[in-house]
Amino acid sequence: MKQQRPAVLSEQLLLSVAEQLKVPLLQIARQAELGRLTPSEPVDLRQIQTTADMAVRLLDNYLFGARLALEDDYQLTLEPVSLSSVLYDTGQQLDATAKLYGVDLRLSLGGKFGPVLANRQGLQSALVSLGYALIEALPNLSPRRPTLQLAAHRCRYGLVAGIYSEVEQLTTEALRQGRKLYGHSRQPLATLTHTSGAGVFVADAILQAMDSQLKVSRHHKLYGLGTVLRSNPQLALV
Amino acid sequence: MTGMDILLVEPDIVLAETLRRAVNGAGHRVRIARTAQMAVEAVDTAVPELIILELQMVSHSGIEFLYELRSYHDWQDIPVVILSHVPPGEFSGSWQLLREELGVRAYHYKSRTSLKKLLGVVNQFVVVS
């Protein structure tokens, strides 16, 4: 039986990431040029740093998945992971970009969650990549100042960790279409973002290596994308 | 030289602000629209003297916006310059449509268009008008 090539090694994902990285690089190039052309317009170095950091993190997360896929055993080691701490750290990494795009970032951890079976680095890389994609998309989808919520909740199959907003365009159909089109279209998630949405597909690929999947999810009245993680009561003792 | 009223249709808020500051600094008045819907509303509020347009936008593309724009009699002559992530080579087959039916005056690939070059493009329209 022919072994299926991991999604993170696909040419489609590489194209999507390359297309996405043009955006921050162009932002930096034009900001630098503005500062050079008009000395009266000071260059916002903090903004340039945030933009560059975002690009490097996306690239790092992609490489994390790609290197893993090149190993013989394409599977991330699962370990007991504290969901609260992963979401908190994800929020820390996304904070500066959220401010740059005028998005209010919130952390919602209603309830006490025990550890889940996941790979900490994998889960965090996936959530950060996903968060970047949504932060960049949200200002064009919401007439008001958008809010993005990092949240966890229980579901029938375990615990869901995801990123949520009021934006109704986060639908199963949009994600299905996006998966079908990415690599073939410049804008596979056309109802959601003006970019290639690479962060969504990087997250998808990393989660697959954790035997998990990116899914459309609801949290209270919010719409979002997240992943279901297995909780195990025995892990609570670890 | 008097400044023009320019509508910048650009979905990326960081890039839009940088372009706005550059064009503003050259003496023009710039309004920003991030979506096709916002762009139609902006034109309806005050007709610009030039539109700088990205094609890749959320929900409705720049091409859809152009069809909508040109469907109104009063808006048929507003000059439009495309400044897009989409390489112009992808439109080589439909350049005639863009130019003759949709009134696109010039097409610039964003990756290769510096602010200096963009200001040069904008200033061409000041001379013409």
# chains A, B, ... in the order shown; residues from 1 in each chain; ligands from 1
call {"tool": "interface_residues", "arguments": {"of": "chain A", "to": "chain B", "cutoff": "9 Å", "atoms": "only C-alpha atoms", "output": "PyMOL selection string"}}
result
chain A and resi 22-24+26-31+33-34+37-38+41+100-101+136-137+139-141+186-187+189-195
call {"tool": "residues_around", "arguments": {"residues": "stretch 104-117 of chain A", "least_positions_apart": "5", "cutoff": "8 Å", "atoms": "only C-alpha atoms", "output": "ChimeraX atom specification"}}
result
/A:78-84,87-88,91,95,98-99,145-153,159,229-233,235-236
call {"tool": "residues_around", "arguments": {"residues": "B:His108", "least_positions_apart": "5", "cutoff": "7 Å", "atoms": "only C-alpha atoms", "output": "mmCIF file with N, CA, C and O atoms, in the first residue's frame"}}
result
data_model
loop_
_atom_site.group_PDB
_atom_site.id
_atom_site.type_symbol
_atom_site.label_atom_id
_atom_site.label_comp_id
_atom_site.auth_asym_id
_atom_site.auth_seq_id
_atom_site.Cartn_x
_atom_site.Cartn_y
_atom_site.Cartn_z
ATOM 1 N N ILE B 82 -4.464 49.416 -10.650
ATOM 2 C CA ILE B 82 -4.393 48.201 -9.837
ATOM 3 C C ILE B 82 -3.003 48.091 -9.220
ATOM 4 O O ILE B 82 -1.992 48.269 -9.905
ATOM 5 N N LEU B 83 -2.994 47.819 -7.908
ATOM 6 C CA LEU B 83 -1.743 47.576 -7.183
ATOM 7 C C LEU B 83 -1.988 46.279 -6.411
ATOM 8 O O LEU B 83 -2.648 46.283 -5.376
ATOM 9 N N SER B 84 -1.512 45.173 -6.964
ATOM 10 C CA SER B 84 -1.979 43.887 -6.442
ATOM 11 C C SER B 84 -0.883 42.869 -6.183
ATOM 12 O O SER B 84 0.194 42.912 -6.774
ATOM 13 N N THR B 113 6.580 47.158 -6.655
ATOM 14 C CA THR B 113 6.228 48.581 -6.762
ATOM 15 C C THR B 113 6.616 49.301 -5.475
ATOM 16 O O THR B 113 5.940 49.172 -4.449
#
call {"tool": "residues_around", "arguments": {"residues": "A:Gly199", "least_positions_apart": "5", "cutoff": "7 Å", "atoms": "only C-alpha atoms", "output": "PyMOL selection string"}}
result
chain A and resi 58+129-130+132-133
call {"tool": "write_last_selection", "arguments": {"atoms": "C-alpha atoms", "output": "CSV table (one decimal), in the first residue's frame"}}
result
chain,number,residue,atom,x,y,z
A,58,LEU,CA,5.0,31.2,11.0
A,129,SER,CA,-0.3,29.7,13.4
A,130,LEU,CA,-4.1,29.6,13.5
A,132,TYR,CA,-2.1,34.8,13.3
A,133,ALA,CA,-4.3,33.8,10.3
call {"tool": "closest_residue", "arguments": {"among": "A:Leu59, A:Val160, A:Leu123, A:Ala69", "to": "A:Ala203", "atoms": "only C-alpha atoms"}}
result
A:Leu123
call {"tool": "residues_around", "arguments": {"residues": "A:Val216", "least_positions_apart": "2", "cutoff": "12 Å", "atoms": "only C-alpha atoms", "output": "list in words"}}
result
Val160, Ala161, Gly162, Ile163, Tyr164, Ser165, Glu168, Gln169, Leu170, Thr171, Thr172, Glu173, Ala174, Leu175, Arg176, Val200, Asp204, Gln213, Leu214, Arg218, His219, Leu222, Tyr223, Gly224, Leu225, Gly226, Thr227 and Val228 of chain A
call {"tool": "residues_around", "arguments": {"residues": "stretch 96-99 of chain B", "least_positions_apart": "6", "cutoff": "9 Å", "atoms": "only C-alpha atoms", "output": "list in words"}}
result
Ile63, Leu66, Arg105 and Ala106 of chain B
call {"tool": "write_last_selection", "arguments": {"atoms": "N, CA and C atoms", "output": "PDB file, in the first residue's frame"}}
result
ATOM      1  N   ILE B  63     -12.022  42.569  -8.976  1.00  0.00           N
ATOM      2  CA  ILE B  63     -12.689  42.522 -10.287  1.00  0.00           C
ATOM      3  C   ILE B  63     -14.203  42.696 -10.106  1.00  0.00           C
ATOM      4  N   LEU B  66     -14.891  46.227  -9.550  1.00  0.00           N
ATOM      5  CA  LEU B  66     -14.815  47.016 -10.788  1.00  0.00           C
ATOM      6  C   LEU B  66     -16.111  46.897 -11.595  1.00  0.00           C
ATOM      7  N   ARG B 105      -6.416  51.803 -15.768  1.00  0.00           N
ATOM      8  CA  ARG B 105      -5.401  52.608 -16.481  1.00  0.00           C
ATOM      9  C   ARG B 105      -4.008  51.999 -16.400  1.00  0.00           C
ATOM     10  N   ALA B 106      -3.723  51.317 -15.305  1.00  0.00           N
ATOM     11  CA  ALA B 106      -2.384  50.726 -15.154  1.00  0.00           C
ATOM     12  C   ALA B 106      -2.450  49.558 -14.175  1.00  0.00           C
TER      13      ALA B 106
END
call {"tool": "select_by_dssp", "arguments": {"residues": "stretch 13-179 of chain A", "states": "strand (DSSP E or B)", "output": "JSON, numbers by chain"}}
result
{"A": [79, 80, 81, 104, 105, 106, 107, 108, 116, 117, 118, 147, 148, 149, 150, 151, 152, 153, 154, 155, 158, 159, 160, 161, 162, 163, 164, 165]}
call {"tool": "atom_distance", "arguments": {"atom1": "atom CA of B:Glu68", "atom2": "atom CA of A:Val167"}}
result
25.1 Å
call {"tool": "atom_distance", "arguments": {"atom1": "atom CA of B:Glu90", "atom2": "atom CA of B:Tyr72"}}
result
27.2 Å
call {"tool": "decode", "arguments": {"residues": "stretch 187-206 of chain A", "atoms": "N, CA, C and O atoms", "output": "JSON list (two decimals), in the first residue's frame"}}
result
[["chain", "number", "residue", "atom", "x", "y", "z"],
["A", 187, "GLN", "N", -6.17, 32.33, -2.77],
["A", 187, "GLN", "CA", -7.02, 32.73, -1.66],
["A", 187, "GLN", "C", -8.03, 31.61, -1.38],
["A", 187, "GLN", "O", -9.21, 31.77, -1.64],
["A", 188, "PRO", "N", -7.56, 30.49, -0.85],
["A", 188, "PRO", "CA", -8.46, 29.34, -0.69],
["A", 188, "PRO", "C", -9.60, 29.58, 0.31],
["A", 188, "PRO", "O", -10.65, 28.96, 0.19],
["A", 189, "LEU", "N", -9.36, 30.47, 1.27],
["A", 189, "LEU", "CA", -10.41, 30.77, 2.25],
["A", 189, "LEU", "C", -10.99, 32.15, 1.92],
["A", 189, "LEU", "O", -10.94, 33.07, 2.73],
["A", 190, "ALA", "N", -11.51, 32.27, 0.71],
["A", 190, "ALA", "CA", -11.88, 33.60, 0.18],
["A", 190, "ALA", "C", -12.95, 34.32, 0.99],
["A", 190, "ALA", "O", -12.99, 35.55, 0.99],
["A", 191, "THR", "N", -13.80, 33.57, 1.69],
["A", 191, "THR", "CA", -14.84, 34.25, 2.47],
["A", 191, "THR", "C", -14.30, 34.69, 3.83],
["A", 191, "THR", "O", -14.98, 35.38, 4.59],
["A", 192, "LEU", "N", -13.10, 34.25, 4.13],
["A", 192, "LEU", "CA", -12.54, 34.49, 5.46],
["A", 192, "LEU", "C", -11.36, 35.46, 5.45],
["A", 192, "LEU", "O", -11.23, 36.33, 6.31],
["A", 193, "THR", "N", -10.46, 35.28, 4.48],
["A", 193, "THR", "CA", -9.25, 36.11, 4.49],
["A", 193, "THR", "C", -8.80, 36.47, 3.08],
["A", 193, "THR", "O", -9.02, 35.70, 2.14],
["A", 194, "HIS", "N", -8.14, 37.62, 2.98],
["A", 194, "HIS", "CA", -7.63, 38.08, 1.69],
["A", 194, "HIS", "C", -6.27, 37.47, 1.39],
["A", 194, "HIS", "O", -5.74, 37.66, 0.32],
["A", 195, "THR", "N", -5.70, 36.74, 2.35],
["A", 195, "THR", "CA", -4.37, 36.15, 2.14],
["A", 195, "THR", "C", -4.50, 34.67, 1.78],
["A", 195, "THR", "O", -5.61, 34.16, 1.61],
["A", 196, "SER", "N", -3.36, 33.98, 1.74],
["A", 196, "SER", "CA", -3.41, 32.54, 1.45],
["A", 196, "SER", "C", -3.90, 31.75, 2.66],
["A", 196, "SER", "O", -4.14, 30.55, 2.56],
["A", 197, "GLY", "N", -3.99, 32.39, 3.80],
["A", 197, "GLY", "CA", -4.48, 31.73, 5.02],
["A", 197, "GLY", "C", -3.57, 30.60, 5.46],
["A", 197, "GLY", "O", -4.03, 29.61, 6.05],
["A", 198, "ALA", "N", -2.27, 30.75, 5.20],
["A", 198, "ALA", "CA", -1.33, 29.65, 5.45],
["A", 198, "ALA", "C", -1.37, 29.17, 6.90],
["A", 198, "ALA", "O", -1.21, 27.97, 7.16],
["A", 199, "GLY", "N", -1.58, 30.10, 7.83],
["A", 199, "GLY", "CA", -1.59, 29.72, 9.24],
["A", 199, "GLY", "C", -2.61, 28.63, 9.54],
["A", 199, "GLY", "O", -2.36, 27.72, 10.35],
["A", 200, "VAL", "N", -3.74, 28.70, 8.87],
["A", 200, "VAL", "CA", -4.80, 27.70, 9.08],
["A", 200, "VAL", "C", -4.31, 26.33, 8.61],
["A", 200, "VAL", "O", -4.48, 25.31, 9.29],
["A", 201, "PHE", "N", -3.62, 26.30, 7.47],
["A", 201, "PHE", "CA", -3.20, 25.03, 6.90],
["A", 201, "PHE", "C", -1.96, 24.47, 7.61],
["A", 201, "PHE", "O", -1.80, 23.25, 7.70],
["A", 202, "VAL", "N", -1.11, 25.36, 8.13],
["A", 202, "VAL", "CA", 0.03, 24.90, 8.94],
["A", 202, "VAL", "C", -0.52, 24.23, 10.21],
["A", 202, "VAL", "O", -0.09, 23.15, 10.59],
["A", 203, "ALA", "N", -1.50, 24.89, 10.83],
["A", 203, "ALA", "CA", -2.12, 24.32, 12.03],
["A", 203, "ALA", "C", -2.74, 22.96, 11.73],
["A", 203, "ALA", "O", -2.55, 21.99, 12.47],
["A", 204, "ASP", "N", -3.42, 22.88, 10.63],
["A", 204, "ASP", "CA", -4.08, 21.64, 10.20],
["A", 204, "ASP", "C", -3.05, 20.52, 10.06],
["A", 204, "ASP", "O", -3.25, 19.40, 10.55],
["A", 205, "ALA", "N", -1.93, 20.83, 9.42],
["A", 205, "ALA", "CA", -0.90, 19.81, 9.16],
["A", 205, "ALA", "C", -0.24, 19.35, 10.46],
["A", 205, "ALA", "O", 0.00, 18.16, 10.65],
["A", 206, "ILE", "N", 0.04, 20.30, 11.36],
["A", 206, "ILE", "CA", 0.68, 19.92, 12.63],
["A", 206, "ILE", "C", -0.26, 19.06, 13.47],
["A", 206, "ILE", "O", 0.14, 18.06, 14.06]]
